[in-house]
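The next block holds one structure in the form of structure tokens; read it before the comments.
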Amino acid sequence: MDFILLGLQQLADPTVFAVMVFGAMLGVVVGAIPGAGAAVTISILLPTTFSMDPLTGMTLLLGVYCGSAYGSAIPAVLINTPGSPVAVLTALEAKPFVERGEARRAMSLAYSSSFVGGVLAVLALMLLTQPLAQVARHFGSAEFAMVALAALVLVVIGHAGRRVEATAALCFGLFLATVGVETAYATQRYTFGFQSLLSGIPLVPTVIGLFAMSEALVQLTRREHARPPVQLGGRFFSGFAEVFRYPVTLYGSSLVGIICGIMPGVGEFLAQQVNYVWARKVSKHPELFGKGSPEGIIVSEATNNAVPPAALIPMLALGIPGEELTAMMLAVFLVHNVVPGPDLFLNRPEFVSGLYWTLLAMNVVIILFLMVATKWIARATLVDKRYLGAVILTLSLIGTYASNYSLADCGIAMVFGLLGFILRSHRWPLTPILLGLVMGPILEGRMRQALGGSNGDLTIFVTRPISALMVALLALLIFFTIRGGLKRRRPREDWQINDT
Amino acid sequence: MTNDEDKANRLESMALTVLFFAISLALLLALFAVTRPGQASGGWWTRPALAPGVALGLLVLANLVTLARSAVDLRRRPATTAERAEARARMLGWLRPLEFLAYFAGYIWALGLVGYFAATLLFLLGLMLRVGLRSPRWLLAGALTALALTAVFRMGLGVWMPPAMAYDLFPAAIRTALTRWF
């Protein structure tokens, strides 16, 4: 009870509440602008949250994360352009609705299923995180090392059709994580005499370069700018109650979204694809899928919105981020010396409980905001991409500079901006680079501790029960993935994660 | 995407992989030169070269696999002259962002010269003119955006910026205000 009250007390703080409302609204708007999105916005906002207290900073970033998941449905419905890759299925299913003059019905279906998925995922976060953290209290370094390794392997496996490229990107990220002075011998690794690299490759400029600057460069250098006009037809509230006519699809999609959110590296896109195939099988009207099925929209949006809160479960309980946005958020924890993992619930219960309640309240704020302001937010979908690119590039400077007041960081951001631009144009995944950079020190540190404890004996990873179980699961996962890859000569394009 | 574009992408992707492979191999070969340990006292698992060595080793291997796949594909379907020309044109496209990054470098330089607001205004308007947003409506939007960014980050969040040389030209009171807010 005290735990619950602590969180409500945090939510009642005017600053936290105001930041939550602002973050949620900002998230919806940037989600509605194709080319902006959560990754760009969070990477730019990241350094400004360092001066806030941890809960306020996290609330702002989570507001953007959750809000953009809702907002990405707006351009998907109105201009048949997904605000982010995760709204592709919504765009596909909503097109016939728009052609029938039922854009508002499609939108309310999307909002309502997003709300159910989001709220159920927050409830799962509340119920599952602490028990998982209690299990993790029995973990030693060997187990944590294996969890980190499993997360990285899952990230690669999640990029079906691009696994070799994902492996290369991940290894590049892991390599970047080793640059700087290492702790055991105080040895400089790959600093090439640059003072600015002694403390390693800085996270914020790397993130801004890879995700924000590269996006700006794409927008500034692309040629097509024409946008079709926005059309709003039909009755707005017609779809809100309609989602409950499909309880199996609605709750099933939310559940799969939660499970996929917990699993590192799976993410919204793959979760949606899995769910879509499943929902079509169990539906009474499978023939409508792809031709304007309400269930298609429900699958896409409920899954999409269940993932963000669920992705926080492994990060809070184990300190392991599963995708790029939680990896960025981990920086907020580290800057404030808040260590995610089993001890978080003992040391900072007010923070954890506050996070739960702000997430729950956030979903209510977002749905109310959408019900009132969709007509105006829809205009954001018409923003000229060249203007958007110019603004993102301008914001990149303050985002990079504000983190460390270092002009060298701006140079690092430029290098990663160019790299991100080239990788994006070849559909190489960027997320594994970030996860490698964030997880590298965790993996190396835990590996060293585990091997130090066993005097270099590698069997430590198979003689401890939990670690051995993880090793076995990893081996099976890798075996079946390789076997599946060999069986399937042509990659299945429809199962690819497109996180660039 | 047309078939021609697809084929051109093939060559371009291969060139990119060759570049990545060469860089990762060079970094791997430099491993022991740039990770020399000081006082060696721990076991093999504490060696500074271990983690970057494993990461770079796998990176080289992954690039090699991608390269081999591309080579097999090209042997099966050899590239035509038209494809090669298309790929060259596309590779020149990699340089397009350099122009915008040069403007960005200029923006960083201008910060210390004219201050955040003026540098942002010049950069944003310059970019908009460059990409074809030249109507008075767009220029007004750019100016208002620069003002809004200054209001949010300098006035609202108090983000520190290096003092601008141009502000020294003003009397002390105005200079203080400019340094603090703009």
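By convention in this document, the chains of the structure tokens carry letters A, B, ... by their order, each chain's residues are numbered from 1, and ligands are numbered from 1 in the order they are shown.
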Residues of chain A that approach chain B to 7 Å or less, counting only C-alpha atoms: could you list each one with the shortest pair of atoms and its distance in Å to one decimal, rows by chain and increasing residue number, as a tab-separated table?
```
residue	atom	partner	partner_atom	distance
A:Val164	CA	B:Ala62	CA	5.8
A:Thr167	CA	B:Ala62	CA	6.5
A:Ala168	CA	B:Leu59	CA	5.0
A:Cys171	CA	B:Ala55	CA	5.0
A:Phe172	CA	B:Leu59	CA	6.5
A:Leu174	CA	B:Ala55	CA	5.9
A:Phe175	CA	B:Pro52	CA	5.2
A:Thr178	CA	B:Pro52	CA	5.9
A:Glu182	CA	B:Pro48	CA	6.9
A:Ala184	CA	B:Thr46	CA	6.4
A:Tyr185	CA	B:Gly38	CA	5.9
A:Thr187	CA	B:Pro37	CA	5.5
A:Gln188	CA	B:Thr35	CA	6.1
A:Arg189	CA	B:Thr35	CA	4.7
A:Tyr190	CA	B:Val34	CA	5.4
A:Leu217	CA	B:Pro97	CA	5.9
A:Leu220	CA	B:Val131	CA	6.9
A:Arg386	CA	B:Val131	CA	6.6
A:Tyr387	CA	B:Met128	CA	6.7
A:Ala390	CA	B:Leu127	CA	6.2
A:Thr394	CA	B:Leu124	CA	6.8
A:Ala402	CA	B:Val159	CA	6.2
A:Met414	CA	B:Leu101	CA	6.7
A:Leu418	CA	B:Pro97	CA	6.9
A:Ile422	CA	B:Trp94	CA	6.5
A:His426	CA	B:Ser13	CA	6.8
A:Glu444	CA	B:Ala51	CA	6.9
A:Arg448	CA	B:Trp45	CA	6.1
A:Leu451	CA	B:Trp45	CA	6.7
A:Gly456	CA	B:Trp45	CA	6.4
```
### Task
Pull the helix (DSSP H, G or I) assignments for chain B out of DSSP run on the backbone, and list those residues as a PyMOL selection string.
chain B and resi 3-29+31-34+44-46+50-76+81-114+116-130+136-156+165-169+172-181
### Query
When distances are computed from only C-alpha atoms, which of B:Leu11, B:Leu25, B:Tyr103, B:Leu92 shows the smallest separation from Ala71 in chain B?
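The shortest atom-to-atom distance to Ala71 in chain B comes from B:Leu11.
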